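**Student:** Got coords_27.csv for you, CSV, C-alpha atoms:
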```csv
chain,number,residue,atom,x,y,z
B,1,MET,CA,10.2,-66.9,-45.5
B,2,ALA,CA,8.7,-63.4,-45.2
B,3,ASP,CA,4.9,-63.2,-45.0
B,4,PHE,CA,4.9,-61.9,-48.6
B,5,ARG,CA,7.7,-61.8,-51.1
B,6,LEU,CA,8.0,-61.2,-54.9
B,7,ILE,CA,10.0,-63.6,-56.9
B,8,ASN,CA,11.4,-63.1,-60.4
B,9,CYS,CA,14.2,-65.7,-60.7
B,10,GLU,CA,15.6,-69.1,-59.6
B,11,TRP,CA,12.1,-70.7,-59.4
B,12,ASN,CA,13.5,-74.2,-59.0
B,13,ARG,CA,15.3,-73.3,-55.8
B,14,GLU,CA,12.4,-71.2,-54.5
B,15,VAL,CA,9.8,-73.8,-55.0
B,16,ILE,CA,11.9,-76.6,-53.6
B,17,THR,CA,13.0,-74.6,-50.6
B,18,ILE,CA,9.5,-73.4,-49.7
B,19,ARG,CA,8.1,-76.9,-50.2
B,20,SER,CA,10.8,-78.4,-47.9
B,21,GLY,CA,9.7,-76.0,-45.2
B,22,HIS,CA,6.0,-76.7,-45.6
B,23,PRO,CA,5.4,-80.5,-45.9
B,24,GLY,CA,2.0,-82.2,-45.9
B,25,ARG,CA,-0.9,-81.5,-48.2
B,26,LEU,CA,0.1,-80.4,-51.7
B,27,ARG,CA,-2.3,-78.7,-54.0
B,28,LEU,CA,-1.4,-77.4,-57.5
B,29,ILE,CA,-3.1,-75.5,-60.3
B,30,CYS,CA,-1.0,-75.7,-63.4
B,31,PRO,CA,-1.8,-76.1,-67.1
B,32,PHE,CA,1.3,-77.9,-68.0
B,33,VAL,CA,3.3,-80.5,-65.9
B,34,LYS,CA,6.5,-82.3,-66.8
B,35,ALA,CA,7.7,-85.4,-65.0
B,36,PRO,CA,11.2,-84.2,-64.0
B,37,ALA,CA,9.9,-81.0,-62.4
B,38,VAL,CA,7.1,-82.8,-60.7
B,39,ALA,CA,9.5,-85.4,-59.3
B,40,ARG,CA,11.6,-82.7,-57.7
B,41,VAL,CA,8.6,-81.0,-56.0
B,42,LEU,CA,7.4,-84.4,-54.7
B,43,ALA,CA,10.8,-85.3,-53.4
B,44,ALA,CA,11.3,-82.0,-51.5
B,45,ALA,CA,9.0,-83.1,-48.6
B,46,HIS,CA,6.5,-85.6,-47.4
B,47,CYS,CA,3.5,-85.0,-49.6
B,48,GLY,CA,0.4,-86.2,-47.7
B,49,ASP,CA,-2.7,-85.6,-49.8
B,50,ILE,CA,-2.1,-84.4,-53.4
B,51,GLU,CA,-4.7,-82.5,-55.5
B,52,VAL,CA,-3.9,-81.2,-58.9
B,53,ILE,CA,-5.9,-79.1,-61.4
B,54,THR,CA,-4.4,-79.1,-64.9
B,55,ARG,CA,-5.3,-79.4,-68.6
B,56,PHE,CA,-6.7,-82.6,-70.1
B,57,ASP,CA,-6.1,-81.4,-73.7
B,58,LEU,CA,-4.4,-84.2,-75.5
B,59,ALA,CA,-2.9,-81.8,-78.0
B,60,CYS,CA,-0.7,-80.4,-75.1
B,61,PHE,CA,0.6,-83.9,-74.4
B,62,ASN,CA,1.2,-84.6,-78.1
B,63,GLU,CA,3.2,-81.3,-78.5
B,64,GLY,CA,5.3,-82.2,-75.4
B,65,VAL,CA,4.4,-79.2,-73.3
B,66,SER,CA,2.8,-81.5,-70.8
B,67,ASP,CA,3.7,-85.1,-69.8
B,68,VAL,CA,1.5,-88.2,-69.5
B,69,ALA,CA,4.4,-89.5,-67.4
B,70,ALA,CA,3.9,-86.7,-64.9
B,71,LEU,CA,0.2,-87.7,-64.5
B,72,GLU,CA,1.2,-91.4,-64.1
B,73,ARG,CA,3.6,-90.5,-61.3
B,74,LEU,CA,1.0,-88.4,-59.5
B,75,LEU,CA,-1.7,-91.1,-59.8
B,76,GLY,CA,0.8,-93.7,-58.5
B,77,LEU,CA,1.2,-91.6,-55.3
B,78,GLY,CA,-2.6,-91.5,-54.9
B,79,ALA,CA,-3.1,-88.0,-56.2
B,80,ARG,CA,-6.5,-86.7,-57.2
B,81,ILE,CA,-6.3,-84.9,-60.6
B,82,ARG,CA,-9.0,-82.9,-62.4
B,83,GLY,CA,-8.9,-81.1,-65.7
B,84,VAL,CA,-10.1,-77.6,-66.8
B,85,ARG,CA,-10.2,-76.3,-70.3
B,86,ALA,CA,-8.4,-73.1,-71.1
B,87,LEU,CA,-6.7,-73.2,-67.7
B,88,HIS,CA,-3.9,-70.6,-67.4
B,89,ALA,CA,-3.6,-69.9,-63.6
B,90,LYS,CA,-0.6,-71.3,-61.7
B,91,LEU,CA,-0.9,-71.7,-58.0
B,92,PHE,CA,1.0,-73.8,-55.5
B,93,LEU,CA,-0.4,-74.5,-52.0
B,94,PHE,CA,1.9,-76.2,-49.5
B,95,GLY,CA,0.6,-77.8,-46.3
B,96,GLY,CA,-2.1,-75.1,-45.8
B,97,THR,CA,0.5,-72.6,-44.6
B,98,ALA,CA,2.3,-71.3,-47.7
B,99,ALA,CA,1.2,-70.3,-51.2
B,100,ILE,CA,3.0,-69.4,-54.5
B,101,ALA,CA,1.2,-67.7,-57.3
B,102,THR,CA,3.3,-67.5,-60.4
B,103,SER,CA,3.5,-67.4,-64.2
B,104,ALA,CA,5.6,-70.6,-64.1
B,105,ASN,CA,4.3,-74.1,-65.0
B,106,VAL,CA,5.8,-77.2,-63.3
B,107,THR,CA,8.3,-77.7,-66.1
B,108,ASP,CA,12.1,-77.4,-66.4
B,109,ALA,CA,11.8,-74.6,-68.9
B,110,ALA,CA,9.7,-72.5,-66.4
B,111,PHE,CA,11.8,-73.5,-63.3
B,112,ARG,CA,15.2,-73.0,-64.8
B,113,ARG,CA,15.2,-71.0,-68.0
B,114,ASN,CA,12.1,-68.8,-68.6
B,115,HIS,CA,11.5,-65.3,-67.3
B,116,GLU,CA,8.8,-65.9,-64.8
B,117,PHE,CA,7.2,-63.7,-62.1
B,118,GLY,CA,5.0,-64.2,-59.0
B,119,PHE,CA,5.0,-64.2,-55.3
B,120,ALA,CA,5.4,-66.5,-52.3
B,121,ALA,CA,3.3,-65.9,-49.1
B,122,THR,CA,2.8,-67.3,-45.7
B,123,ASP,CA,0.4,-64.5,-44.6
B,124,PRO,CA,-2.7,-66.3,-43.4
B,125,THR,CA,-5.1,-63.9,-45.2
B,126,ILE,CA,-3.3,-64.4,-48.6
B,127,VAL,CA,-3.0,-68.2,-48.1
B,128,THR,CA,-6.7,-68.4,-47.2
B,129,ALA,CA,-7.7,-66.4,-50.3
B,130,CYS,CA,-5.6,-68.7,-52.5
B,131,GLU,CA,-7.2,-71.7,-50.9
B,132,HIS,CA,-10.6,-70.4,-51.6
B,133,TYR,CA,-9.8,-69.9,-55.2
B,134,PHE,CA,-8.4,-73.5,-55.4
B,135,GLU,CA,-11.5,-74.9,-53.7
B,136,ASP,CA,-13.9,-73.1,-55.9
B,137,LEU,CA,-12.2,-74.3,-59.1
B,138,TRP,CA,-11.7,-77.8,-57.7
B,139,ARG,CA,-15.5,-78.1,-57.0
B,140,ALA,CA,-16.2,-77.0,-60.6
B,141,ALA,CA,-13.6,-79.2,-62.3
B,142,GLY,CA,-15.5,-82.4,-62.7
B,143,GLU,CA,-14.5,-85.9,-61.8
B,144,ASP,CA,-11.1,-87.2,-60.8
B,145,LEU,CA,-8.8,-88.7,-63.4
B,146,THR,CA,-8.5,-92.5,-63.3
B,147,GLY,CA,-5.7,-94.8,-64.4
B,148,GLU,CA,-8.1,-96.4,-66.9
B,149,GLN,CA,-8.8,-93.0,-68.5
B,150,LEU,CA,-5.1,-92.2,-68.7
B,151,GLY,CA,-4.5,-95.5,-70.4
B,152,THR,CA,-7.1,-94.7,-73.0
B,153,TRP,CA,-5.5,-91.3,-73.6
B,154,ILE,CA,-2.1,-93.0,-74.2
B,155,LYS,CA,-3.7,-95.3,-76.8
B,156,ILE,CA,-5.3,-92.2,-78.5
B,157,LEU,CA,-2.0,-90.4,-78.6
B,158,ASP,CA,-0.1,-93.5,-79.9
B,159,HIS,CA,-2.7,-93.9,-82.7
B,160,TYR,CA,-2.5,-90.2,-83.6
B,161,ARG,CA,1.3,-90.2,-83.8
B,162,ARG,CA,1.3,-93.2,-86.2
B,163,LEU,CA,-0.8,-91.1,-88.7
B,164,ASN,CA,0.9,-89.5,-91.6
B,165,THR,CA,1.6,-85.8,-91.5
B,166,PHE,CA,-1.4,-84.8,-93.8
B,167,ARG,CA,-3.9,-86.8,-91.9
B,168,ALA,CA,-2.5,-85.7,-88.5
B,169,LYS,CA,-3.2,-82.1,-89.5
B,170,GLU,CA,-6.8,-83.0,-90.5
B,171,GLU,CA,-7.6,-84.9,-87.3
B,172,LEU,CA,-8.1,-83.0,-84.0
B,173,LEU,CA,-7.1,-84.4,-80.6
B,174,PRO,CA,-9.8,-84.1,-78.0
B,175,ASP,CA,-9.8,-82.0,-74.8
B,176,PHE,CA,-11.2,-84.0,-71.9
B,177,GLY,CA,-11.2,-81.0,-69.5
B,178,VAL,CA,-14.3,-79.4,-68.0
B,179,THR,CA,-15.4,-76.0,-69.2
B,180,VAL,CA,-15.6,-73.8,-66.1
B,181,GLU,CA,-17.0,-70.2,-66.0
B,182,GLN,CA,-14.7,-69.2,-63.1
B,183,ALA,CA,-13.4,-65.8,-62.0
B,184,SER,CA,-9.7,-65.1,-61.8
B,185,PRO,CA,-8.1,-65.4,-58.3
B,186,PHE,CA,-8.2,-61.6,-58.1
B,187,ALA,CA,-12.0,-61.4,-58.6
B,188,LEU,CA,-14.3,-60.4,-55.7
B,189,SER,CA,-15.7,-63.9,-55.2
B,190,ALA,CA,-12.3,-65.5,-54.8
B,191,ILE,CA,-10.6,-63.0,-52.5
B,192,ALA,CA,-12.3,-61.5,-49.5
B,193,LEU,CA,-11.7,-57.9,-50.3
B,194,PRO,CA,-12.1,-55.4,-47.4
B,195,HIS,CA,-14.9,-52.9,-47.5
B,196,ASP,CA,-15.6,-49.7,-45.6
B,197,ASN,CA,-19.2,-50.7,-45.2
B,198,GLN,CA,-21.3,-53.8,-44.4
B,199,GLY,CA,-23.3,-56.0,-46.7
B,200,PHE,CA,-26.6,-57.7,-45.7
B,201,ILE,CA,-28.9,-60.1,-47.4
B,202,LYS,CA,-32.5,-59.0,-46.7
B,203,PHE,CA,-35.3,-61.6,-46.8
B,204,PHE,CA,-38.7,-60.8,-48.4
B,205,GLY,CA,-41.6,-63.1,-47.9
B,206,THR,CA,-42.1,-66.0,-45.5
B,207,ALA,CA,-41.9,-69.8,-45.7
B,208,ARG,CA,-45.7,-69.8,-45.9
B,209,ASP,CA,-45.9,-67.1,-48.5
B,210,ARG,CA,-43.4,-68.0,-51.2
B,211,ALA,CA,-43.6,-66.3,-54.6
B,212,PRO,CA,-43.6,-68.1,-57.9
B,213,ARG,CA,-40.3,-67.9,-59.8
B,214,THR,CA,-42.2,-66.5,-62.7
B,215,MET,CA,-43.1,-63.3,-60.8
B,216,THR,CA,-41.5,-60.3,-62.3
B,217,VAL,CA,-39.2,-58.2,-60.2
B,218,SER,CA,-41.1,-55.1,-61.4
B,219,ASP,CA,-44.3,-56.5,-59.9
B,220,LEU,CA,-42.6,-57.3,-56.7
B,221,LEU,CA,-41.2,-53.8,-56.3
B,222,ALA,CA,-44.6,-52.3,-57.0
B,223,ASP,CA,-46.2,-54.6,-54.4
B,224,ASP,CA,-43.5,-54.3,-51.7
B,225,GLY,CA,-41.9,-50.9,-52.3
B,226,ALA,CA,-38.5,-52.5,-51.7
B,227,ASN,CA,-36.8,-50.0,-54.0
B,228,TRP,CA,-37.2,-47.3,-51.4
B,229,ALA,CA,-37.5,-49.1,-48.1
B,230,CYS,CA,-36.8,-52.6,-46.6
B,231,THR,CA,-39.3,-53.5,-43.8
B,232,TYR,CA,-38.6,-55.0,-40.4
B,233,PRO,CA,-40.9,-56.2,-37.5
B,234,ALA,CA,-42.1,-53.6,-35.0
B,235,ASN,CA,-40.4,-55.4,-32.1
B,236,LYS,CA,-37.0,-55.8,-33.8
B,237,PRO,CA,-35.4,-52.5,-34.7
B,238,PRO,CA,-32.7,-53.0,-37.4
B,239,ARG,CA,-29.8,-51.7,-35.3
B,240,GLN,CA,-27.0,-53.4,-37.3
B,241,VAL,CA,-27.6,-51.4,-40.5
B,242,ASP,CA,-25.7,-48.2,-40.8
B,243,ASP,CA,-25.5,-45.3,-43.4
B,244,GLY,CA,-23.9,-46.5,-46.6
B,245,ASP,CA,-24.3,-50.2,-46.0
B,246,ILE,CA,-25.3,-52.4,-49.0
B,247,ILE,CA,-28.5,-54.5,-48.8
B,248,TYR,CA,-28.9,-57.4,-51.3
B,249,MET,CA,-32.6,-58.2,-51.5
B,250,GLY,CA,-34.0,-61.6,-52.0
B,251,ARG,CA,-37.5,-63.1,-52.2
B,252,LEU,CA,-38.5,-66.5,-50.9
B,253,VAL,CA,-39.7,-68.7,-53.9
B,254,HIS,CA,-41.0,-72.2,-54.5
B,255,SER,CA,-40.6,-75.0,-57.0
B,256,PRO,CA,-38.0,-75.6,-55.8
B,257,ASN,CA,-37.8,-73.6,-52.5
B,258,ASP,CA,-35.0,-71.0,-52.4
B,259,LEU,CA,-34.4,-67.3,-52.0
B,260,GLN,CA,-33.7,-65.5,-55.2
B,261,ILE,CA,-31.7,-62.3,-54.9
B,262,PHE,CA,-33.1,-59.7,-57.3
B,263,GLY,CA,-31.4,-56.5,-56.6
B,264,LYS,CA,-29.4,-54.3,-54.2
B,265,ALA,CA,-29.5,-50.8,-52.8
B,266,THR,CA,-27.6,-48.5,-50.4
B,267,ALA,CA,-29.0,-48.2,-46.9
B,268,ARG,CA,-29.7,-45.4,-44.5
B,269,ARG,CA,-29.6,-46.0,-40.8
B,270,HIS,CA,-33.0,-46.7,-39.1
B,271,ARG,CA,-34.2,-43.8,-37.1
B,272,ASP,CA,-36.9,-44.6,-34.4
B,273,ASP,CA,-38.6,-41.2,-34.7
B,274,GLU,CA,-39.4,-41.3,-38.4
B,275,ASP,CA,-38.7,-44.6,-40.2
B,276,PHE,CA,-42.1,-46.2,-39.9
B,277,ALA,CA,-44.8,-47.1,-42.4
B,278,SER,CA,-47.2,-44.2,-43.0
B,279,ALA,CA,-51.0,-44.6,-42.8
B,280,ALA,CA,-51.1,-44.3,-46.6
B,281,ASP,CA,-48.6,-47.1,-47.1
B,282,ILE,CA,-50.3,-49.4,-44.6
B,283,ALA,CA,-53.6,-48.8,-46.4
B,284,ARG,CA,-51.9,-49.8,-49.7
B,285,ARG,CA,-49.9,-52.7,-48.1
B,286,PRO,CA,-51.9,-54.0,-45.0
B,287,TRP,CA,-49.1,-56.5,-44.2
B,288,LYS,CA,-47.0,-53.6,-43.1
B,289,VAL,CA,-49.0,-53.4,-39.8
B,290,ASN,CA,-46.7,-56.3,-38.7
B,291,TRP,CA,-43.6,-55.0,-40.6
B,292,PRO,CA,-43.7,-51.2,-40.0
B,293,ARG,CA,-40.1,-50.4,-39.4
B,294,TYR,CA,-38.0,-49.1,-42.3
B,295,VAL,CA,-34.5,-49.1,-43.4
B,296,ARG,CA,-34.8,-46.6,-46.2
B,297,VAL,CA,-32.6,-47.3,-49.3
B,298,HIS,CA,-31.5,-45.4,-52.4
B,299,ASP,CA,-29.4,-45.9,-55.5
B,300,GLY,CA,-31.1,-49.3,-56.2
B,301,HIS,CA,-30.3,-51.7,-59.0
B,302,PHE,CA,-32.9,-54.3,-59.8
B,303,ILE,CA,-33.1,-57.0,-62.4
B,304,ASP,CA,-35.6,-56.3,-65.2
B,305,GLY,CA,-36.7,-59.9,-65.4
B,306,THR,CA,-38.3,-62.6,-63.2
B,307,LEU,CA,-37.3,-63.9,-59.8
B,308,ASP,CA,-35.9,-66.9,-61.6
B,309,ASP,CA,-33.4,-64.7,-63.3
B,310,GLY,CA,-32.0,-63.7,-59.9
B,311,VAL,CA,-29.1,-65.2,-57.9
B,312,SER,CA,-29.8,-68.3,-55.8
B,313,MET,CA,-29.0,-68.0,-52.1
B,314,SER,CA,-29.0,-71.8,-51.8
B,315,ALA,CA,-26.2,-72.1,-54.4
B,316,MET,CA,-24.2,-69.5,-52.4
B,317,LEU,CA,-24.7,-71.4,-49.1
B,318,THR,CA,-23.8,-74.7,-50.7
B,319,GLU,CA,-20.6,-73.4,-52.2
B,320,LEU,CA,-19.4,-71.2,-49.4
B,321,GLY,CA,-20.6,-73.2,-46.3
B,322,ALA,CA,-19.8,-71.5,-43.0
B,323,ASP,CA,-18.1,-68.7,-45.0
B,324,ALA,CA,-21.6,-67.5,-46.2
B,325,PHE,CA,-22.6,-65.5,-43.1
B,326,ALA,CA,-20.6,-63.6,-40.6
B,327,SER,CA,-22.2,-65.5,-37.7
B,328,THR,CA,-21.4,-69.0,-39.1
B,329,ARG,CA,-17.9,-68.0,-40.0
B,330,ARG,CA,-17.3,-66.7,-36.5
B,331,ASN,CA,-18.6,-69.9,-35.0
B,332,ALA,CA,-16.4,-72.0,-37.3
B,333,GLN,CA,-13.3,-70.0,-36.3
B,334,ARG,CA,-13.9,-70.4,-32.6
B,335,GLY,CA,-15.1,-74.0,-32.9
B,336,LEU,CA,-18.4,-73.3,-31.0
B,337,GLY,CA,-22.0,-72.9,-32.2
B,338,ASN,CA,-23.8,-73.5,-35.4
B,339,THR,CA,-21.7,-73.5,-38.6
B,340,ASP,CA,-24.5,-74.6,-41.0
B,341,PRO,CA,-25.7,-71.6,-43.0
B,342,PHE,CA,-28.9,-73.3,-43.9
B,343,ALA,CA,-29.8,-73.6,-40.2
B,344,SER,CA,-28.9,-70.0,-39.3
B,345,TYR,CA,-31.3,-67.7,-41.0
B,346,GLY,CA,-34.7,-69.0,-39.9
B,347,ARG,CA,-37.0,-66.2,-38.6
B,348,LYS,CA,-34.4,-63.6,-39.4
B,349,ALA,CA,-35.1,-60.4,-41.3
B,350,HIS,CA,-31.6,-60.2,-42.7
B,351,MET,CA,-28.2,-61.7,-42.3
B,352,LEU,CA,-24.8,-60.0,-42.3
B,353,LEU,CA,-22.6,-61.3,-45.1
B,354,THR,CA,-18.9,-62.0,-45.1
B,355,ASN,CA,-16.6,-60.2,-47.6
B,356,ARG,CA,-16.4,-63.5,-49.5
B,357,SER,CA,-20.1,-64.1,-49.8
B,358,ARG,CA,-20.7,-60.5,-50.6
B,359,GLY,CA,-18.2,-60.8,-53.5
B,360,TRP,CA,-19.9,-64.0,-54.6
B,361,ILE,CA,-23.3,-62.3,-54.8
B,362,GLU,CA,-22.0,-59.1,-56.3
B,363,GLU,CA,-20.3,-60.9,-59.2
B,364,ARG,CA,-23.4,-62.9,-60.2
B,365,LEU,CA,-25.9,-60.1,-59.6
B,366,GLU,CA,-23.9,-57.7,-61.8
B,367,ALA,CA,-23.9,-60.4,-64.5
B,368,ALA,CA,-27.7,-60.7,-64.2
B,369,LEU,CA,-28.1,-57.0,-64.4
B,370,ARG,CA,-26.0,-56.9,-67.6
B,371,ARG,CA,-27.9,-59.8,-69.1
B,372,HIS,CA,-31.5,-58.6,-68.3
B,373,GLY,CA,-31.1,-54.9,-67.8
B,374,GLU,CA,-32.3,-52.7,-64.9
B,375,ILE,CA,-35.7,-51.5,-63.9
B,376,ASP,CA,-36.5,-47.8,-64.1
B,377,VAL,CA,-37.7,-47.2,-60.6
B,378,THR,CA,-38.7,-43.6,-61.4
B,379,GLU,CA,-41.9,-44.9,-62.9
B,380,GLU,CA,-45.0,-43.8,-60.9
B,381,ARG,CA,-46.0,-47.3,-59.7
B,382,PHE,CA,-42.6,-47.6,-57.9
B,383,LEU,CA,-42.8,-44.3,-56.0
B,384,GLN,CA,-43.2,-43.9,-52.3
B,385,PRO,CA,-46.7,-42.8,-51.0
B,386,SER,CA,-46.6,-39.1,-50.4
B,387,VAL,CA,-48.7,-39.2,-47.2
```
Any chance you could put this one into structure tokens?
**Tutor:**
Amino acid sequence: MADFRLINCEWNREVITIRSGHPGRLRLICPFVKAPAVARVLAAAHCGDIEVITRFDLACFNEGVSDVAALERLLGLGARIRGVRALHAKLFLFGGTAAIATSANVTDAAFRRNHEFGFAATDPTIVTACEHYFEDLWRAAGEDLTGEQLGTWIKILDHYRRLNTFRAKEELLPDFGVTVEQASPFALSAIALPHDNQGFIKFFGTARDRAPRTMTVSDLLADDGANWACTYPANKPPRQVDDGDIIYMGRLVHSPNDLQIFGKATARRHRDDEDFASAADIARRPWKVNWPRYVRVHDGHFIDGTLDDGVSMSAMLTELGADAFASTRRNAQRGLGNTDPFASYGRKAHMLLTNRSRGWIEERLEAALRRHGEIDVTEERFLQPSV
């Protein structure tokens, strides 16, 4: 199979052929599954672990677009199955080395009759991006289906089908899936899109000087001047940051402890001859004696709310793991060094993000900015001292 190939016909042959060449772990995202099509996919190669994300809407089983028998077969093979409401994505992952994204469900109609379109890929970048999407959705999809739960569903369906037509229309069948606010597989947080600049997360505050979550971002900017310059220690020039890089700014908070990302801005490279705190700024903010170096920023966007309205770095580290920072991802890839993001940023002024973590933050920060609005940083109290 080529690294990437578009497919618009003969889906049954395509899926079985690709599956035969890539045995092992099988992961599926598919709203509707039917027993005959599932059986052919399972028979094409040794399965190994099986994980399936589908719909748990009993109306789908009652209407015959999905099969309880397919779920029974999967559970009988030890598969783990989770349900998501309003699921529409279709994704096949074979053995960690091949991926299919398609409009086709795992049904005979889709595999043999319908007009479907999608792609097959073995390119590691594409497969990894698809795996990230699956893993993000899997974590959000609730608990595994049990045989006991499936037995209860069968009883509900049997009872429903015995009702007369009038009553059946009156009574709604339940959907046992989880509601997930999840981006599409083409969103920034799911695919590590390339950038022509770098992204950093900049830490404000210290472990001994955490801010309350109720602190407003506007007060923080007035106190710190973060809307026009990010500060760094005198003995550690910020050489990594270049013109046009994006800095996501976060403040250490307590109750519970975390770092809340409250805004972002475009950076300008640090220049040793002029990017230092002025006497006027040190007089206004005495702590800058120890943090006098500047990375000046412009085009800032800051949440017009409290720090608690920001984006949690702990949530990002928990969800992305070693993929959160460039250093931990690099260590994970080479199998050497620290891969725990929680143990990687102590005493650091900033951390270089991966494309994936940058997309994760960007999506949530943009949502917070839309929800709460942006601060007008042209007000006088946010302006840089003139001397």
**Student:** Find the spatial neighbours of range 375-386 of chain B, counting only C-alpha atoms, within a cut-off of 10 Å - ignore same-chain residues fewer than 3 positions away - and output them as an MDAnalysis selection string.
**Tutor:** chainID B and resid 217:229 263 277:282 284 299:305 369 372
**Student:** Extract, using only C-alpha atoms, all DNA, RNA and protein residues at most 10 Å from range 235-242 of chain B, discarding same-chain residues fewer than 3 positions from it, and format them as a PyMOL selection string.
**Tutor:** chain B and resi 197-200+231-232+245-247+266-272+290-295+348-352
**Student:** Mind dumping the selected residues with C-alpha atoms as a PDB file, keeping the file's coordinate frame?
**Tutor:**
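Saved file again_0.pdb follows:
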```pdb
ATOM      1  CA  ASN B 197     -19.200 -50.700 -45.200  1.00  0.00           C
ATOM      2  CA  GLN B 198     -21.300 -53.800 -44.400  1.00  0.00           C
ATOM      3  CA  GLY B 199     -23.300 -56.000 -46.700  1.00  0.00           C
ATOM      4  CA  PHE B 200     -26.600 -57.700 -45.700  1.00  0.00           C
ATOM      5  CA  THR B 231     -39.300 -53.500 -43.800  1.00  0.00           C
ATOM      6  CA  TYR B 232     -38.600 -55.000 -40.400  1.00  0.00           C
ATOM      7  CA  ASP B 245     -24.300 -50.200 -46.000  1.00  0.00           C
ATOM      8  CA  ILE B 246     -25.300 -52.400 -49.000  1.00  0.00           C
ATOM      9  CA  ILE B 247     -28.500 -54.500 -48.800  1.00  0.00           C
ATOM     10  CA  THR B 266     -27.600 -48.500 -50.400  1.00  0.00           C
ATOM     11  CA  ALA B 267     -29.000 -48.200 -46.900  1.00  0.00           C
ATOM     12  CA  ARG B 268     -29.700 -45.400 -44.500  1.00  0.00           C
ATOM     13  CA  ARG B 269     -29.600 -46.000 -40.800  1.00  0.00           C
ATOM     14  CA  HIS B 270     -33.000 -46.700 -39.100  1.00  0.00           C
ATOM     15  CA  ARG B 271     -34.200 -43.800 -37.100  1.00  0.00           C
ATOM     16  CA  ASP B 272     -36.900 -44.600 -34.400  1.00  0.00           C
ATOM     17  CA  ASN B 290     -46.700 -56.300 -38.700  1.00  0.00           C
ATOM     18  CA  TRP B 291     -43.600 -55.000 -40.600  1.00  0.00           C
ATOM     19  CA  PRO B 292     -43.700 -51.200 -40.000  1.00  0.00           C
ATOM     20  CA  ARG B 293     -40.100 -50.400 -39.400  1.00  0.00           C
ATOM     21  CA  TYR B 294     -38.000 -49.100 -42.300  1.00  0.00           C
ATOM     22  CA  VAL B 295     -34.500 -49.100 -43.400  1.00  0.00           C
ATOM     23  CA  LYS B 348     -34.400 -63.600 -39.400  1.00  0.00           C
ATOM     24  CA  ALA B 349     -35.100 -60.400 -41.300  1.00  0.00           C
ATOM     25  CA  HIS B 350     -31.600 -60.200 -42.700  1.00  0.00           C
ATOM     26  CA  MET B 351     -28.200 -61.700 -42.300  1.00  0.00           C
ATOM     27  CA  LEU B 352     -24.800 -60.000 -42.300  1.00  0.00           C
TER      28      LEU B 352
END
```
**Student:** To one decimal place, how far is CA of Ile7 in chain B from CA of Val41 in chain B in Å?
**Tutor:**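 Distance between the two atoms: 17.5 Å.
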**Student:** Just the number, please: distance in Å from CA of Asp3 in chain B to CA of Leu74 in chain B, one decimal.
**Tutor:**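 Rounded to one decimal, the two atoms are 29.3 Å apart.
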**Student:** Measuring between only C-alpha atoms, which one of B:Ile53, B:Val84, B:Met313, B:Met215 shows the shortest distance to Thr179 in chain B?
**Tutor:** B:Val84
**Student:** Might you pull out every residue within 8 Å of Val52 in chain B, with all atoms listed in the file counted and same-chain residues fewer than 4 positions away left off, and present them as a list of chain:residue names?
**Tutor:**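 Once the nearby chain positions are removed, what remains is B:Arg27, B:Leu28, B:Ile29, B:Cys30, B:Ala79, B:Arg80, B:Ile81, B:Arg82.
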**Student:** Using all atoms listed in the file, which of the listed residues (B:Asp158, B:Asp49, B:Glu14, B:Glu363) sits closest to Leu26 in chain B?
**Tutor:**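 Comparing B:Asp158, B:Asp49, B:Glu14, B:Glu363 against Leu26 in chain B, the winner is B:Asp49.
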**Student:** Near Ala37 in chain B, within 9 Å and counting all atoms listed in the file, which residues show up once chain neighbours fewer than 2 positions away are dropped, as a short mmCIF file (atom, residue, chain, number, x, y, z; two decimals) with C-alpha atoms, in the coordinates of the input?
**Tutor:**
```
data_model
loop_
_atom_site.label_atom_id
_atom_site.label_comp_id
_atom_site.auth_asym_id
_atom_site.auth_seq_id
_atom_site.Cartn_x
_atom_site.Cartn_y
_atom_site.Cartn_z
CA ASN B 12 13.50 -74.20 -59.00
CA VAL B 33 3.30 -80.50 -65.90
CA LYS B 34 6.50 -82.30 -66.80
CA ALA B 35 7.70 -85.40 -65.00
CA ALA B 39 9.50 -85.40 -59.30
CA ARG B 40 11.60 -82.70 -57.70
CA VAL B 41 8.60 -81.00 -56.00
CA LEU B 42 7.40 -84.40 -54.70
CA ALA B 70 3.90 -86.70 -64.90
CA VAL B 106 5.80 -77.20 -63.30
CA THR B 107 8.30 -77.70 -66.10
CA ASP B 108 12.10 -77.40 -66.40
CA PHE B 111 11.80 -73.50 -63.30
#
```
**Student:** What is the CA of Gly151 in chain B-CA of Arg25 in chain B distance in Å, reported with one decimal?
**Tutor:**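 Separation of CA of Gly151 in chain B and CA of Arg25 in chain B: 26.5 Å.
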**Student:** Check the smallest atom-to-atom distance from each of B:Tyr133, B:Phe262, B:Trp11, B:Phe94 to Asp308 in chain B using only C-alpha atoms, then report the winner.
**Tutor:**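 Looking at the shortest contact to Asp308 in chain B, the residue is B:Phe262.
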**Student:** Of the candidates B:Arg162, B:Pro212, B:Gly48, B:Leu320, which one gets nearest to Arg139 in chain B if we count all atoms listed in the file?
**Tutor:**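 The answer is B:Leu320, which sits nearest to Arg139 in chain B.
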**Student:** With all atoms listed in the file as the atoms that count, which of B:Val180, B:Ala104, B:Leu307, B:Leu87 lies nearest to Thr214 in chain B?
**Tutor:**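 Closest to Thr214 in chain B, using all atoms listed in the file: B:Leu307.
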**Student:** So which residues fall inside 8 Å of (4.7, -86.9, -79.2) if we count only C-alpha atoms? Mind giving them as a list in words?
**Tutor:**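 Protein, DNA and RNA residues close to (4.7, -86.9, -79.2): Phe61, Asn62, Glu63, Gly64, Leu157 and Arg161 of chain B.
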